[in-house]
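Before any comments, here is the structure.
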Amino acid sequence: MNARSQVFELSVEGRQIEEVVSSVFHTLLLHRTLGKFHYKQEGSYSIGTVGIVDVDCDFLDFSYVRAASDDLDSSIQKEIGVFRDTLREGPGCGQISLEFYQKKRARWPFMAECIPWEVWTIKLETLTLANENERQVCREKLGEILAEKVMHVAEAMNRHEYVPKMPNQSELDLIFDTSYRDVQPYLFKISHQTTGPIPTSVGTTMRKLLKDTLALDL
């Protein structure tokens, strides 16, 4: 199976890393999370509801919606926090991926095989801005760009493409992460890496955008 993949490339200030990644990953997980399954008998079940929470960003002109699960939020923020710290201390370029996968049982003594079916990657380049005017422009422009990315996610999720079929009770943990108390996301993992400067025009584009916008304000 070939996993569907999407890549977003963005230039951000160091303090914006966490909010940028969180807004995209939480949007994805909101679409890939169900309420807890309650089985009455094999083949007969009900699904609980997923509450939502509005989140206002501190360093972006942007708000997003996430699943109302503190446990899910905590596990995501832990991974994003490690990526943020590594990126800010390192070379300034890196990428972080959210991968959805399913498990295929293997014969003993082998481990179950993990088969990815969807991967979303955010490539980031950190910017150093000269003054508060540039920061404000970056805050506004990045908010507009993120709104476009979130709309793209919503459109992609509404397409009739592959997701694992609903499992029997005995196979539930091959498709869903059942460790959370209040929600049941599809199995996922977050991975990241930092690199040296990557060959991208995104940083150059953002700097030109800042320069042109500030020139218009003069």
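Lettering and numbering for the structure tokens are positional, with chains as A, B, ... in the shown order, residues counted from 1 in each chain, and ligands counted from 1 in the shown order.
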Checklist line | Non-local contacts of range 174-181 of chain A (7 Å; only C-alpha atoms; under 4 positions in same chain excluded) as an MDAnalysis selection string | finding: chainID A and resid 71 102:104 164 185:187
Next item on the list: May I have the residues within 10 Å of Asp56 in chain A as a ChimeraX atom specification, using only C-alpha atoms and disregarding those fewer than 6 positions away in the same chain?
Entry: /A:19,23,62-65
Taking N, CA, C and O atoms for each residue, export the selection above as a PDB file, in the first residue's frame.
ATOM      1  N   GLU A  19       2.951  26.798  17.580  1.00  0.00           N
ATOM      2  CA  GLU A  19       1.570  27.097  17.182  1.00  0.00           C
ATOM      3  C   GLU A  19       1.298  26.715  15.738  1.00  0.00           C
ATOM      4  O   GLU A  19       0.200  26.245  15.408  1.00  0.00           O
ATOM      5  N   SER A  23      -1.497  23.841  15.026  1.00  0.00           N
ATOM      6  CA  SER A  23      -2.724  24.181  14.303  1.00  0.00           C
ATOM      7  C   SER A  23      -2.992  23.197  13.169  1.00  0.00           C
ATOM      8  O   SER A  23      -4.143  22.796  12.936  1.00  0.00           O
ATOM      9  N   PHE A  62      -4.395  33.887  14.210  1.00  0.00           N
ATOM     10  CA  PHE A  62      -5.035  32.648  13.748  1.00  0.00           C
ATOM     11  C   PHE A  62      -5.661  31.916  14.930  1.00  0.00           C
ATOM     12  O   PHE A  62      -5.146  31.954  16.047  1.00  0.00           O
ATOM     13  N   SER A  63      -6.802  31.278  14.652  1.00  0.00           N
ATOM     14  CA  SER A  63      -7.470  30.412  15.624  1.00  0.00           C
ATOM     15  C   SER A  63      -7.793  29.097  14.937  1.00  0.00           C
ATOM     16  O   SER A  63      -8.024  29.055  13.732  1.00  0.00           O
ATOM     17  N   TYR A  64      -7.817  28.033  15.714  1.00  0.00           N
ATOM     18  CA  TYR A  64      -8.154  26.727  15.151  1.00  0.00           C
ATOM     19  C   TYR A  64      -8.975  25.930  16.155  1.00  0.00           C
ATOM     20  O   TYR A  64      -9.154  26.351  17.312  1.00  0.00           O
ATOM     21  N   VAL A  65      -9.472  24.798  15.721  1.00  0.00           N
ATOM     22  CA  VAL A  65     -10.313  23.956  16.563  1.00  0.00           C
ATOM     23  C   VAL A  65      -9.609  22.614  16.759  1.00  0.00           C
ATOM     24  O   VAL A  65      -9.062  22.053  15.811  1.00  0.00           O
TER      25      VAL A  65
END
Note to self: Between CA of Leu142 in chain A and CA of Phe25 in chain A, what distance in Å does the model show, to one decimal?
What the structure shows: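 It comes out at 16.1 Å.
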Item checked: Within 6 Å of range 119-125 of chain A using only C-alpha atoms, minus same-chain residues under 3 positions, as JSON, numbers by chain -> {"A": [5, 6, 7, 8, 9, 10, 11, 92, 93, 94, 95, 96, 97, 98, 99]}
Keeping only N, CA, C and O atoms, write the selected residues as a PDB file, in the first residue's frame.
ATOM      1  N   SER A   5       0.543  11.233   0.753  1.00  0.00           N
ATOM      2  CA  SER A   5       1.430  12.156   1.461  1.00  0.00           C
ATOM      3  C   SER A   5       1.197  13.585   0.993  1.00  0.00           C
ATOM      4  O   SER A   5       0.871  13.832  -0.170  1.00  0.00           O
ATOM      5  N   GLN A   6       1.341  14.507   1.917  1.00  0.00           N
ATOM      6  CA  GLN A   6       1.222  15.938   1.654  1.00  0.00           C
ATOM      7  C   GLN A   6       2.359  16.643   2.382  1.00  0.00           C
ATOM      8  O   GLN A   6       2.712  16.262   3.508  1.00  0.00           O
ATOM      9  N   VAL A   7       2.903  17.677   1.748  1.00  0.00           N
ATOM     10  CA  VAL A   7       3.999  18.437   2.346  1.00  0.00           C
ATOM     11  C   VAL A   7       3.666  19.924   2.321  1.00  0.00           C
ATOM     12  O   VAL A   7       3.276  20.462   1.286  1.00  0.00           O
ATOM     13  N   PHE A   8       3.815  20.572   3.481  1.00  0.00           N
ATOM     14  CA  PHE A   8       3.669  22.017   3.583  1.00  0.00           C
ATOM     15  C   PHE A   8       5.044  22.605   3.899  1.00  0.00           C
ATOM     16  O   PHE A   8       5.759  22.075   4.754  1.00  0.00           O
ATOM     17  N   GLU A   9       5.405  23.705   3.228  1.00  0.00           N
ATOM     18  CA  GLU A   9       6.667  24.388   3.510  1.00  0.00           C
ATOM     19  C   GLU A   9       6.365  25.802   3.996  1.00  0.00           C
ATOM     20  O   GLU A   9       5.648  26.547   3.327  1.00  0.00           O
ATOM     21  N   LEU A  10       6.933  26.163   5.151  1.00  0.00           N
ATOM     22  CA  LEU A  10       6.636  27.456   5.757  1.00  0.00           C
ATOM     23  C   LEU A  10       7.892  28.067   6.363  1.00  0.00           C
ATOM     24  O   LEU A  10       8.809  27.349   6.776  1.00  0.00           O
ATOM     25  N   SER A  11       7.924  29.382   6.419  1.00  0.00           N
ATOM     26  CA  SER A  11       8.973  30.105   7.130  1.00  0.00           C
ATOM     27  C   SER A  11       8.350  30.776   8.338  1.00  0.00           C
ATOM     28  O   SER A  11       7.305  31.430   8.225  1.00  0.00           O
ATOM     29  N   GLY A  92      18.207  25.566  12.249  1.00  0.00           N
ATOM     30  CA  GLY A  92      17.140  26.466  11.809  1.00  0.00           C
ATOM     31  C   GLY A  92      16.248  25.924  10.722  1.00  0.00           C
ATOM     32  O   GLY A  92      15.319  26.603  10.279  1.00  0.00           O
ATOM     33  N   CYS A  93      16.496  24.712  10.253  1.00  0.00           N
ATOM     34  CA  CYS A  93      15.631  24.084   9.255  1.00  0.00           C
ATOM     35  C   CYS A  93      15.310  22.662   9.714  1.00  0.00           C
ATOM     36  O   CYS A  93      16.142  21.986  10.302  1.00  0.00           O
ATOM     37  N   GLY A  94      14.100  22.235   9.434  1.00  0.00           N
ATOM     38  CA  GLY A  94      13.740  20.886   9.824  1.00  0.00           C
ATOM     39  C   GLY A  94      12.355  20.529   9.348  1.00  0.00           C
ATOM     40  O   GLY A  94      11.658  21.342   8.729  1.00  0.00           O
ATOM     41  N   GLN A  95      11.942  19.310   9.644  1.00  0.00           N
ATOM     42  CA  GLN A  95      10.609  18.876   9.251  1.00  0.00           C
ATOM     43  C   GLN A  95      10.036  17.959  10.318  1.00  0.00           C
ATOM     44  O   GLN A  95      10.754  17.279  11.047  1.00  0.00           O
ATOM     45  N   ILE A  96       8.706  17.974  10.414  1.00  0.00           N
ATOM     46  CA  ILE A  96       7.990  17.146  11.374  1.00  0.00           C
ATOM     47  C   ILE A  96       6.806  16.514  10.650  1.00  0.00           C
ATOM     48  O   ILE A  96       6.140  17.178   9.845  1.00  0.00           O
ATOM     49  N   SER A  97       6.589  15.232  10.892  1.00  0.00           N
ATOM     50  CA  SER A  97       5.565  14.489  10.153  1.00  0.00           C
ATOM     51  C   SER A  97       4.563  13.852  11.099  1.00  0.00           C
ATOM     52  O   SER A  97       4.907  13.388  12.194  1.00  0.00           O
ATOM     53  N   LEU A  98       3.314  13.836  10.666  1.00  0.00           N
ATOM     54  CA  LEU A  98       2.231  13.123  11.341  1.00  0.00           C
ATOM     55  C   LEU A  98       1.820  11.983  10.420  1.00  0.00           C
ATOM     56  O   LEU A  98       1.328  12.221   9.315  1.00  0.00           O
ATOM     57  N   GLU A  99       2.043  10.763  10.876  1.00  0.00           N
ATOM     58  CA  GLU A  99       1.787   9.582  10.052  1.00  0.00           C
ATOM     59  C   GLU A  99       0.660   8.754  10.657  1.00  0.00           C
ATOM     60  O   GLU A  99       0.697   8.414  11.847  1.00  0.00           O
TER      61      GLU A  99
END
Margin query: Please report the interatomic distance between CA of Asp182 in chain A and CA of Ile47 in chain A in Å with one decimal.
Written below: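 These atoms are spaced 11.1 Å apart.
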Note to self: Can you pull out every residue from range 11-182 of chain A that DSSP, working from the backbone, puts in strand (DSSP E), and format the result as a PyMOL selection string?
What the structure shows: chain A and resi 11-13+33-35+37-41+44-47+52-56+63-67+93-104+113-127
Next item on the list: Using only C-alpha atoms, find the one residue out of A:Val55, A:Leu146, A:Ala112, A:Ala68 that sits nearest to Val21 in chain A.
Entry: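 Of the candidates, the smallest distance to Val21 in chain A is held by A:Leu146.
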Next item on the list: Looking only at alpha helix (DSSP H) from DSSP on the backbone, list the matching residues of chain A as a ChimeraX atom specification.
Entry: /A:17-31,70-89,132-157,172-175,202-217
Margin query: Need the shell around range 126-132 of chain A: protein/DNA/RNA residues with any atom at most 10 Å away, counting only C-alpha atoms. Skip same-chain ones fewer than 3 positions apart. Format as a PyMOL selection string?
Written below: chain A and resi 10-17+87-88+91-94+135-138+203+206-207+210
Could the residues in this selection be saved with N, CA and C atoms as a PDB file, in the first residue's frame?
ATOM      1  N   LEU A  10       6.933  26.163   5.151  1.00  0.00           N
ATOM      2  CA  LEU A  10       6.636  27.456   5.757  1.00  0.00           C
ATOM      3  C   LEU A  10       7.892  28.067   6.363  1.00  0.00           C
ATOM      4  N   SER A  11       7.924  29.382   6.419  1.00  0.00           N
ATOM      5  CA  SER A  11       8.973  30.105   7.130  1.00  0.00           C
ATOM      6  C   SER A  11       8.350  30.776   8.338  1.00  0.00           C
ATOM      7  N   VAL A  12       8.980  30.616   9.497  1.00  0.00           N
ATOM      8  CA  VAL A  12       8.386  31.082  10.750  1.00  0.00           C
ATOM      9  C   VAL A  12       9.458  31.675  11.660  1.00  0.00           C
ATOM     10  N   GLU A  13       9.004  32.474  12.630  1.00  0.00           N
ATOM     11  CA  GLU A  13       9.877  32.847  13.734  1.00  0.00           C
ATOM     12  C   GLU A  13       9.971  31.664  14.693  1.00  0.00           C
ATOM     13  N   GLY A  14      11.044  31.619  15.459  1.00  0.00           N
ATOM     14  CA  GLY A  14      11.211  30.522  16.399  1.00  0.00           C
ATOM     15  C   GLY A  14      10.034  30.380  17.362  1.00  0.00           C
ATOM     16  N   ARG A  15       9.500  31.504  17.823  1.00  0.00           N
ATOM     17  CA  ARG A  15       8.413  31.455  18.797  1.00  0.00           C
ATOM     18  C   ARG A  15       7.087  30.993  18.177  1.00  0.00           C
ATOM     19  N   GLN A  16       7.022  30.939  16.842  1.00  0.00           N
ATOM     20  CA  GLN A  16       5.794  30.524  16.167  1.00  0.00           C
ATOM     21  C   GLN A  16       5.760  29.032  15.827  1.00  0.00           C
ATOM     22  N   ILE A  17       6.873  28.341  16.012  1.00  0.00           N
ATOM     23  CA  ILE A  17       6.971  26.939  15.586  1.00  0.00           C
ATOM     24  C   ILE A  17       5.859  26.091  16.186  1.00  0.00           C
ATOM     25  N   LEU A  87      14.866  22.522  16.928  1.00  0.00           N
ATOM     26  CA  LEU A  87      14.975  23.414  15.772  1.00  0.00           C
ATOM     27  C   LEU A  87      15.532  24.775  16.167  1.00  0.00           C
ATOM     28  N   ARG A  88      15.121  25.295  17.313  1.00  0.00           N
ATOM     29  CA  ARG A  88      15.582  26.608  17.745  1.00  0.00           C
ATOM     30  C   ARG A  88      17.045  26.581  18.181  1.00  0.00           C
ATOM     31  N   PRO A  91      20.181  24.023  13.440  1.00  0.00           N
ATOM     32  CA  PRO A  91      20.514  24.751  12.212  1.00  0.00           C
ATOM     33  C   PRO A  91      19.395  25.635  11.678  1.00  0.00           C
ATOM     34  N   GLY A  92      18.207  25.566  12.249  1.00  0.00           N
ATOM     35  CA  GLY A  92      17.140  26.466  11.809  1.00  0.00           C
ATOM     36  C   GLY A  92      16.248  25.924  10.722  1.00  0.00           C
ATOM     37  N   CYS A  93      16.496  24.712  10.253  1.00  0.00           N
ATOM     38  CA  CYS A  93      15.631  24.084   9.255  1.00  0.00           C
ATOM     39  C   CYS A  93      15.310  22.662   9.714  1.00  0.00           C
ATOM     40  N   GLY A  94      14.100  22.235   9.434  1.00  0.00           N
ATOM     41  CA  GLY A  94      13.740  20.886   9.824  1.00  0.00           C
ATOM     42  C   GLY A  94      12.355  20.529   9.348  1.00  0.00           C
ATOM     43  N   ARG A 135       7.796  41.704  12.562  1.00  0.00           N
ATOM     44  CA  ARG A 135       7.132  40.630  13.309  1.00  0.00           C
ATOM     45  C   ARG A 135       5.615  40.696  13.136  1.00  0.00           C
ATOM     46  N   GLN A 136       5.075  41.907  13.145  1.00  0.00           N
ATOM     47  CA  GLN A 136       3.632  42.052  13.002  1.00  0.00           C
ATOM     48  C   GLN A 136       3.167  41.626  11.607  1.00  0.00           C
ATOM     49  N   VAL A 137       3.932  41.997  10.592  1.00  0.00           N
ATOM     50  CA  VAL A 137       3.595  41.595   9.227  1.00  0.00           C
ATOM     51  C   VAL A 137       3.671  40.078   9.092  1.00  0.00           C
ATOM     52  N   CYS A 138       4.730  39.487   9.647  1.00  0.00           N
ATOM     53  CA  CYS A 138       4.893  38.034   9.603  1.00  0.00           C
ATOM     54  C   CYS A 138       3.740  37.342  10.310  1.00  0.00           C
ATOM     55  N   GLY A 203      11.674  30.709   2.321  1.00  0.00           N
ATOM     56  CA  GLY A 203      12.225  31.769   3.148  1.00  0.00           C
ATOM     57  C   GLY A 203      12.429  33.049   2.357  1.00  0.00           C
ATOM     58  N   MET A 206       9.026  34.696   1.785  1.00  0.00           N
ATOM     59  CA  MET A 206       8.511  35.381   2.964  1.00  0.00           C
ATOM     60  C   MET A 206       9.253  36.689   3.203  1.00  0.00           C
ATOM     61  N   ARG A 207      10.577  36.690   3.029  1.00  0.00           N
ATOM     62  CA  ARG A 207      11.337  37.925   3.234  1.00  0.00           C
ATOM     63  C   ARG A 207      10.928  38.994   2.217  1.00  0.00           C
ATOM     64  N   LEU A 210       7.574  40.366   3.281  1.00  0.00           N
ATOM     65  CA  LEU A 210       7.731  41.320   4.376  1.00  0.00           C
ATOM     66  C   LEU A 210       8.237  42.666   3.856  1.00  0.00           C
TER      67      LEU A 210
END
Note to self: So, with only C-alpha atoms as the atoms that count, which of A:Leu60, A:Cys114, A:Leu30, A:Ala3 lies closest to Val183 in chain A?
What the structure shows: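 Of A:Leu60, A:Cys114, A:Leu30, A:Ala3, the one nearest Val183 in chain A, counting only C-alpha atoms, is A:Leu30.
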Note to self: Can you measure CA of Gln193 in chain A to CA of Gly81 in chain A for me? One decimal in Å is fine.
What the structure shows: 12.9 Å
Item checked: Nearest to Glu79 in chain A by atom-to-atom distance, counting only C-alpha atoms, from A:Val153, A:Ser191, A:Pro167, A:Thr27 ->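 Nearest to Glu79 in chain A: A:Ser191.
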Next item on the list: Give the answer as one residue: which of A:Asp54, A:Glu161, A:Asp61, A:Asp85 has the shortest atom-to-atom distance to Glu144 in chain A, using only C-alpha atoms?
Entry: A:Asp61
Margin query: With distances taken over only C-alpha atoms, which residue among A:Asp173, A:Glu118, A:Glu89, A:Asp58 lies nearest Arg139 in chain A?
Written below: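 Distance minimum relative to Arg139 in chain A lands on A:Asp58.
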Next item on the list: Determine the nearest neighbour of Gly48 in chain A from the options A:Gln184, A:Arg107, A:Arg66, A:Glu140, counting only C-alpha atoms.
Entry: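 Of all the options, A:Gln184 lies closest to Gly48 in chain A.
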